[in-house]
Amino acid sequence: CDYLHYHQNGGILPNFSNNVLMIHDILPLILDRNPLRNFKYKQNMKKQIKLAKIILTPSLYSKIQIQKYFKVDKEIYVLPHGIEKIEMPSKNRGNYYIYVGGYDPRKGLDNLLETFIRLNKKIIFVGEIRYFSPYFRFLVQKATGLGVLKQSGYVSEGELTKLIKNAKALIYPSKFEGFGLPPLESMALGTPVITTPFSSIKEVCKECVLYFNPDIKDSLYNTIIEFEKSNIAEKLIEMGLKNATSFSWEKSAREYIKILRKSHISLQQKP
């Protein structure tokens, strides 16, 4: 083959000259305070970066972080993720909000559940069910008992589309993302988004969502109150759909081919 494409959590062939490496983010290095794990992570990443002819990352934020921590002497290409489809907004909104993603401390889920318990509003969590702390388990049990939280675990693509389209809004409280695909997917399905302006998120969402600051007490609470009292939902839907048209897997694929050609990697044309 002319090239091999690797993701950062996989091995990379030392005896192959045209390795392509996708580094989604270096959040473990930024967030993990364990010196030994940091050292091992950094050594592994240095090895992969050295062996890669082409380095890709999905956001400018991640590119800057990679350069900051690794002083890379070769070009890093920003290749954004895409979306599968853009659909018209649902006319049958349910009386619930939705969160889509992993269960992880960096995702801001403690604050999310505390806020929804206080508001006594319904939210659905979609993603692998994992209790990362005793306090988070307590919040989940309390919210579930009050009828505030429903955990769906993993669902099919069709069910996920339906859940997002019929939600009042997607809440995405994470501060640390290498890209942040759920907000973009929600915009493409005509669902308003409430999220934070940190890491790569604002780069993807631009001014098409409602932002809150999880470091400020009551910021999420007040933002949801504002969202429900105002008529901003329709405007967010319109702006979100327009923003989503800037992202597609076809566009990313075409850009990928340009990067390969620019780097003088020959692509054999099959009849």
# chains A, B, ... in the order shown; residues from 1 in each chain; ligands from 1
$ closest_atom_pairs --of "segment 27-118 of chain A" --to "segment 185-208 of chain A" --cutoff "10 Å" --atoms "only C-alpha atoms" --output "JSON lines"
{"residue": "A:Pro58", "atom": "CA", "partner": "A:Ser200", "partner_atom": "CA", "distance": 9.1}
{"residue": "A:Ser59", "atom": "CA", "partner": "A:Ser200", "partner_atom": "CA", "distance": 6.4}
{"residue": "A:Leu60", "atom": "CA", "partner": "A:Ser200", "partner_atom": "CA", "distance": 7.4}
{"residue": "A:Tyr61", "atom": "CA", "partner": "A:Ser200", "partner_atom": "CA", "distance": 5.3}
{"residue": "A:Ser62", "atom": "CA", "partner": "A:Ser200", "partner_atom": "CA", "distance": 7.3}
{"residue": "A:Gln65", "atom": "CA", "partner": "A:Ser199", "partner_atom": "CA", "distance": 9.8}
{"residue": "A:Pro80", "atom": "CA", "partner": "A:Val204", "partner_atom": "CA", "distance": 8.9}
{"residue": "A:His81", "atom": "CA", "partner": "A:Val204", "partner_atom": "CA", "distance": 9.8}
{"residue": "A:Gly82", "atom": "CA", "partner": "A:Glu185", "partner_atom": "CA", "distance": 8.8}
{"residue": "A:Ile83", "atom": "CA", "partner": "A:Glu185", "partner_atom": "CA", "distance": 6.3}
{"residue": "A:Glu84", "atom": "CA", "partner": "A:Glu185", "partner_atom": "CA", "distance": 8.3}
{"residue": "A:Lys85", "atom": "CA", "partner": "A:Ala188", "partner_atom": "CA", "distance": 6.9}
{"residue": "A:Ile86", "atom": "CA", "partner": "A:Ala188", "partner_atom": "CA", "distance": 4.7}
{"residue": "A:Glu87", "atom": "CA", "partner": "A:Leu189", "partner_atom": "CA", "distance": 5.0}
{"residue": "A:Met88", "atom": "CA", "partner": "A:Gly190", "partner_atom": "CA", "distance": 6.0}
{"residue": "A:Pro89", "atom": "CA", "partner": "A:Gly190", "partner_atom": "CA", "distance": 4.2}
{"residue": "A:Ser90", "atom": "CA", "partner": "A:Gly190", "partner_atom": "CA", "distance": 7.1}
{"residue": "A:Arg93", "atom": "CA", "partner": "A:Thr191", "partner_atom": "CA", "distance": 9.4}
{"residue": "A:Tyr97", "atom": "CA", "partner": "A:Val193", "partner_atom": "CA", "distance": 9.9}
{"residue": "A:Ile98", "atom": "CA", "partner": "A:Val193", "partner_atom": "CA", "distance": 9.7}
{"residue": "A:Val100", "atom": "CA", "partner": "A:Ser186", "partner_atom": "CA", "distance": 9.6}
{"residue": "A:Gly108", "atom": "CA", "partner": "A:Thr196", "partner_atom": "CA", "distance": 10.0}
$ write_last_selection --atoms "N, CA and C atoms" --output "compact mmCIF listing (two decimals), in the first residue's frame"
# COMPACT_ATOMS: atom_id res chain seq x y z
N PRO A 58 -8.03 17.00 14.42
CA PRO A 58 -9.32 17.50 13.97
C PRO A 58 -9.62 18.97 14.26
N SER A 59 -8.76 19.65 15.03
CA SER A 59 -9.06 21.05 15.37
C SER A 59 -7.79 21.86 15.52
N LEU A 60 -7.93 23.16 15.35
CA LEU A 60 -6.80 24.07 15.56
C LEU A 60 -6.36 24.03 17.01
N TYR A 61 -7.31 23.90 17.92
CA TYR A 61 -6.99 23.80 19.35
C TYR A 61 -6.03 22.64 19.60
N SER A 62 -6.35 21.47 19.06
CA SER A 62 -5.49 20.30 19.27
C SER A 62 -4.13 20.51 18.62
N GLN A 65 -2.03 22.58 20.93
CA GLN A 65 -1.62 21.83 22.10
C GLN A 65 -0.50 20.83 21.76
N PRO A 80 -10.89 18.47 10.04
CA PRO A 80 -12.07 18.37 10.90
C PRO A 80 -12.89 17.12 10.64
N HIS A 81 -13.61 16.68 11.67
CA HIS A 81 -14.57 15.60 11.50
C HIS A 81 -15.76 16.12 10.68
N GLY A 82 -16.57 15.20 10.21
CA GLY A 82 -17.75 15.57 9.44
C GLY A 82 -19.01 15.04 10.07
N ILE A 83 -20.11 15.24 9.38
CA ILE A 83 -21.41 14.72 9.81
C ILE A 83 -22.03 13.92 8.67
N GLU A 84 -22.90 13.01 9.04
CA GLU A 84 -23.49 12.11 8.05
C GLU A 84 -24.59 12.79 7.22
N LYS A 85 -25.40 13.60 7.90
CA LYS A 85 -26.57 14.15 7.21
C LYS A 85 -27.07 15.38 7.93
N ILE A 86 -27.82 16.18 7.19
CA ILE A 86 -28.50 17.35 7.76
C ILE A 86 -30.00 17.13 7.55
N GLU A 87 -30.76 17.30 8.62
CA GLU A 87 -32.20 17.05 8.55
C GLU A 87 -32.97 18.26 9.04
N MET A 88 -34.18 18.38 8.60
CA MET A 88 -35.06 19.46 9.05
C MET A 88 -35.44 19.25 10.51
N PRO A 89 -35.66 20.33 11.26
CA PRO A 89 -35.98 20.21 12.68
C PRO A 89 -37.28 19.46 12.91
N SER A 90 -37.36 18.81 14.06
CA SER A 90 -38.57 18.08 14.44
C SER A 90 -39.67 19.06 14.85
N ARG A 93 -41.25 18.10 19.50
CA ARG A 93 -40.26 18.14 20.58
C ARG A 93 -40.82 17.50 21.85
N TYR A 97 -34.34 17.31 27.85
CA TYR A 97 -33.05 17.68 27.28
C TYR A 97 -32.24 16.39 27.10
N ILE A 98 -31.08 16.50 26.44
CA ILE A 98 -30.28 15.30 26.20
C ILE A 98 -28.80 15.60 26.34
N VAL A 100 -25.19 13.58 25.21
CA VAL A 100 -24.63 12.46 24.46
C VAL A 100 -23.12 12.48 24.64
N GLY A 108 -18.07 17.33 32.93
CA GLY A 108 -18.91 18.26 33.67
C GLY A 108 -20.26 17.71 34.08
$ select_by_dssp --residues "segment 61-109 of chain A" --states "strand (DSSP E)" --output "NGL selection string"
:A and (76-78 or 97-100)
$ write_last_selection --atoms "all heavy atoms" --output "compact mmCIF listing (two decimals), in the first residue's frame"
# COMPACT_ATOMS: atom_id res chain seq x y z
N ILE A 76 1.59 19.97 10.88
CA ILE A 76 0.42 19.30 11.43
C ILE A 76 -0.80 19.83 10.68
O ILE A 76 -1.05 21.04 10.66
CB ILE A 76 0.26 19.57 12.94
CG1 ILE A 76 1.51 19.09 13.71
CG2 ILE A 76 -0.99 18.88 13.49
CD1 ILE A 76 1.52 19.50 15.16
N TYR A 77 -1.54 18.93 10.06
CA TYR A 77 -2.70 19.33 9.26
C TYR A 77 -3.98 19.22 10.09
O TYR A 77 -4.21 18.21 10.75
CB TYR A 77 -2.83 18.44 8.03
CG TYR A 77 -1.68 18.57 7.06
CD1 TYR A 77 -0.59 17.70 7.13
CD2 TYR A 77 -1.69 19.54 6.06
CE1 TYR A 77 0.46 17.79 6.23
CE2 TYR A 77 -0.64 19.65 5.16
CZ TYR A 77 0.43 18.78 5.26
OH TYR A 77 1.47 18.88 4.37
N VAL A 78 -4.80 20.26 10.03
CA VAL A 78 -6.11 20.22 10.69
C VAL A 78 -7.12 19.62 9.73
O VAL A 78 -7.38 20.18 8.65
CB VAL A 78 -6.55 21.63 11.13
CG1 VAL A 78 -7.97 21.57 11.72
CG2 VAL A 78 -5.57 22.20 12.16
N TYR A 97 -34.34 17.31 27.85
CA TYR A 97 -33.05 17.68 27.28
C TYR A 97 -32.24 16.39 27.10
O TYR A 97 -32.64 15.33 27.58
CB TYR A 97 -32.30 18.65 28.20
CG TYR A 97 -32.95 20.01 28.32
CD1 TYR A 97 -34.01 20.22 29.20
CD2 TYR A 97 -32.50 21.07 27.55
CE1 TYR A 97 -34.61 21.47 29.31
CE2 TYR A 97 -33.10 22.33 27.65
CZ TYR A 97 -34.15 22.53 28.53
OH TYR A 97 -34.73 23.76 28.64
N ILE A 98 -31.08 16.50 26.44
CA ILE A 98 -30.28 15.30 26.20
C ILE A 98 -28.80 15.60 26.34
O ILE A 98 -28.35 16.71 26.02
CB ILE A 98 -30.60 14.70 24.80
CG1 ILE A 98 -29.97 13.31 24.64
CG2 ILE A 98 -30.14 15.64 23.68
CD1 ILE A 98 -30.48 12.55 23.42
N TYR A 99 -28.07 14.63 26.86
CA TYR A 99 -26.61 14.66 26.86
C TYR A 99 -26.13 13.42 26.13
O TYR A 99 -26.60 12.30 26.41
CB TYR A 99 -26.04 14.66 28.29
CG TYR A 99 -24.55 14.31 28.31
CD1 TYR A 99 -23.61 15.26 27.96
CD2 TYR A 99 -24.12 13.02 28.63
CE1 TYR A 99 -22.25 14.93 27.93
CE2 TYR A 99 -22.77 12.68 28.60
CZ TYR A 99 -21.84 13.65 28.25
OH TYR A 99 -20.51 13.32 28.22
N VAL A 100 -25.19 13.58 25.21
CA VAL A 100 -24.63 12.46 24.46
C VAL A 100 -23.12 12.48 24.64
O VAL A 100 -22.47 13.48 24.35
CB VAL A 100 -24.97 12.55 22.95
CG1 VAL A 100 -24.34 11.40 22.19
CG2 VAL A 100 -26.48 12.58 22.75
$ closest_residue --among "A:Val209, A:Leu163, A:Lys217, A:Tyr41" --to "Met239 of chain A" --atoms "only C-alpha atoms"
A:Val209
$ atom_distance --atom1 "atom CA of Asn231 of chain A" --atom2 "atom CA of Leu149 of chain A"
25.5 Å
$ atom_distance --atom1 "atom CA of Asn92 of chain A" --atom2 "atom CA of Ala167 of chain A"
8.9 Å
$ atom_distance --atom1 "atom CA of Lys165 of chain A" --atom2 "atom CA of Gly145 of chain A"
25.7 Å
$ residues_around --residues "segment 27-34 of chain A" --least-positions-apart "5" --cutoff "12 Å" --atoms "only C-alpha atoms" --output "NGL selection string"
:A and (8-9 or 39-45 or 61-62 or 65-66 or 68-70 or 104-107 or 175-179 or 199-200)
$ closest_residue --among "A:Val148, A:Cys1, A:Leu181, A:Leu79" --to "Phe16 of chain A" --atoms "only C-alpha atoms"
A:Cys1
$ closest_residue --among "A:Val140, A:Leu210, A:Leu4, A:Leu241" --to "Asn111 of chain A" --atoms "only C-alpha atoms"
A:Val140
$ residues_around --residues "Leu113 of chain A" --least-positions-apart "5" --cutoff "12 Å" --atoms "only C-alpha atoms" --output "ChimeraX atom specification"
/A:97-99,107-108,118-125,135-144,146-150,171-173,220-221
$ residues_around --residues "His5 of chain A" --least-positions-apart "5" --cutoff "12 Å" --atoms "only C-alpha atoms" --output "list in words"
Gly10, Gly11, Ile12, Leu13, Phe16, Ser17, Asn18, Asn19, Val20, Leu21, Met22, Ile23, Gln48, Ala52, Lys53, Ile54, Ile55, Leu56, Tyr256 and Leu260 of chain A
$ select_by_dssp --residues "segment 51-255 of chain A" --states "helix (DSSP H, G or I)" --output "ChimeraX atom specification"
/A:51,60-70,105-107,109-119,134-145,157-165,181-188,201-205,219-229,232-244,249-255
$ decode --residues "segment 13-37 of chain A" --atoms "N, CA and C atoms" --output "short mmCIF file (atom, residue, chain, number, x, y, z; two decimals), in the first residue's frame"
data_model
loop_
_atom_site.label_atom_id
_atom_site.label_comp_id
_atom_site.auth_asym_id
_atom_site.auth_seq_id
_atom_site.Cartn_x
_atom_site.Cartn_y
_atom_site.Cartn_z
N LEU A 13 3.94 1.36 12.42
CA LEU A 13 5.02 0.53 11.90
C LEU A 13 6.35 1.30 11.81
N PRO A 14 7.38 0.84 12.47
CA PRO A 14 8.67 1.53 12.42
C PRO A 14 9.40 1.37 11.10
N ASN A 15 9.06 0.32 10.32
CA ASN A 15 9.78 0.06 9.08
C ASN A 15 9.01 0.48 7.84
N PHE A 16 8.00 1.34 8.02
CA PHE A 16 7.19 1.83 6.90
C PHE A 16 7.35 3.35 6.83
N SER A 17 7.63 3.87 5.66
CA SER A 17 7.99 5.29 5.55
C SER A 17 6.80 6.23 5.46
N ASN A 18 5.66 5.74 5.00
CA ASN A 18 4.52 6.62 4.77
C ASN A 18 3.40 6.40 5.79
N ASN A 19 3.73 6.50 7.05
CA ASN A 19 2.73 6.40 8.12
C ASN A 19 1.97 7.72 8.25
N VAL A 20 0.66 7.62 8.38
CA VAL A 20 -0.20 8.78 8.61
C VAL A 20 -0.79 8.64 10.01
N LEU A 21 -0.60 9.64 10.84
CA LEU A 21 -1.03 9.57 12.24
C LEU A 21 -2.11 10.61 12.53
N MET A 22 -3.26 10.15 13.00
CA MET A 22 -4.32 11.06 13.46
C MET A 22 -4.24 11.18 14.98
N ILE A 23 -3.91 12.37 15.46
CA ILE A 23 -3.90 12.64 16.89
C ILE A 23 -5.18 13.42 17.21
N HIS A 24 -6.12 12.76 17.85
CA HIS A 24 -7.41 13.40 18.12
C HIS A 24 -7.27 14.51 19.16
N ASP A 25 -6.47 14.26 20.18
CA ASP A 25 -6.21 15.25 21.21
C ASP A 25 -5.08 14.73 22.08
N ILE A 26 -4.59 15.57 22.98
CA ILE A 26 -3.60 15.11 23.97
C ILE A 26 -4.13 15.43 25.37
N LEU A 27 -5.42 15.24 25.54
CA LEU A 27 -6.07 15.55 26.82
C LEU A 27 -5.53 14.74 27.99
N PRO A 28 -5.14 13.46 27.81
CA PRO A 28 -4.55 12.74 28.95
C PRO A 28 -3.34 13.46 29.53
N LEU A 29 -2.54 14.07 28.66
CA LEU A 29 -1.36 14.79 29.12
C LEU A 29 -1.74 16.08 29.84
N ILE A 30 -2.81 16.72 29.37
CA ILE A 30 -3.25 17.99 29.96
C ILE A 30 -3.97 17.77 31.29
N LEU A 31 -4.74 16.68 31.38
CA LEU A 31 -5.62 16.49 32.54
C LEU A 31 -5.05 15.59 33.62
N ASP A 32 -4.23 14.62 33.23
CA ASP A 32 -3.73 13.63 34.19
C ASP A 32 -2.54 14.21 34.96
N ARG A 33 -2.62 14.22 36.29
CA ARG A 33 -1.55 14.78 37.13
C ARG A 33 -0.57 13.72 37.62
N ASN A 34 -0.72 12.49 37.16
CA ASN A 34 0.18 11.42 37.58
C ASN A 34 1.48 11.50 36.78
N PRO A 35 2.62 11.77 37.41
CA PRO A 35 3.89 11.95 36.69
C PRO A 35 4.31 10.73 35.88
N LEU A 36 4.12 9.52 36.42
CA LEU A 36 4.53 8.31 35.72
C LEU A 36 3.69 8.09 34.48
N ARG A 37 2.37 8.25 34.59
CA ARG A 37 1.50 8.08 33.42
C ARG A 37 1.80 9.15 32.37
#
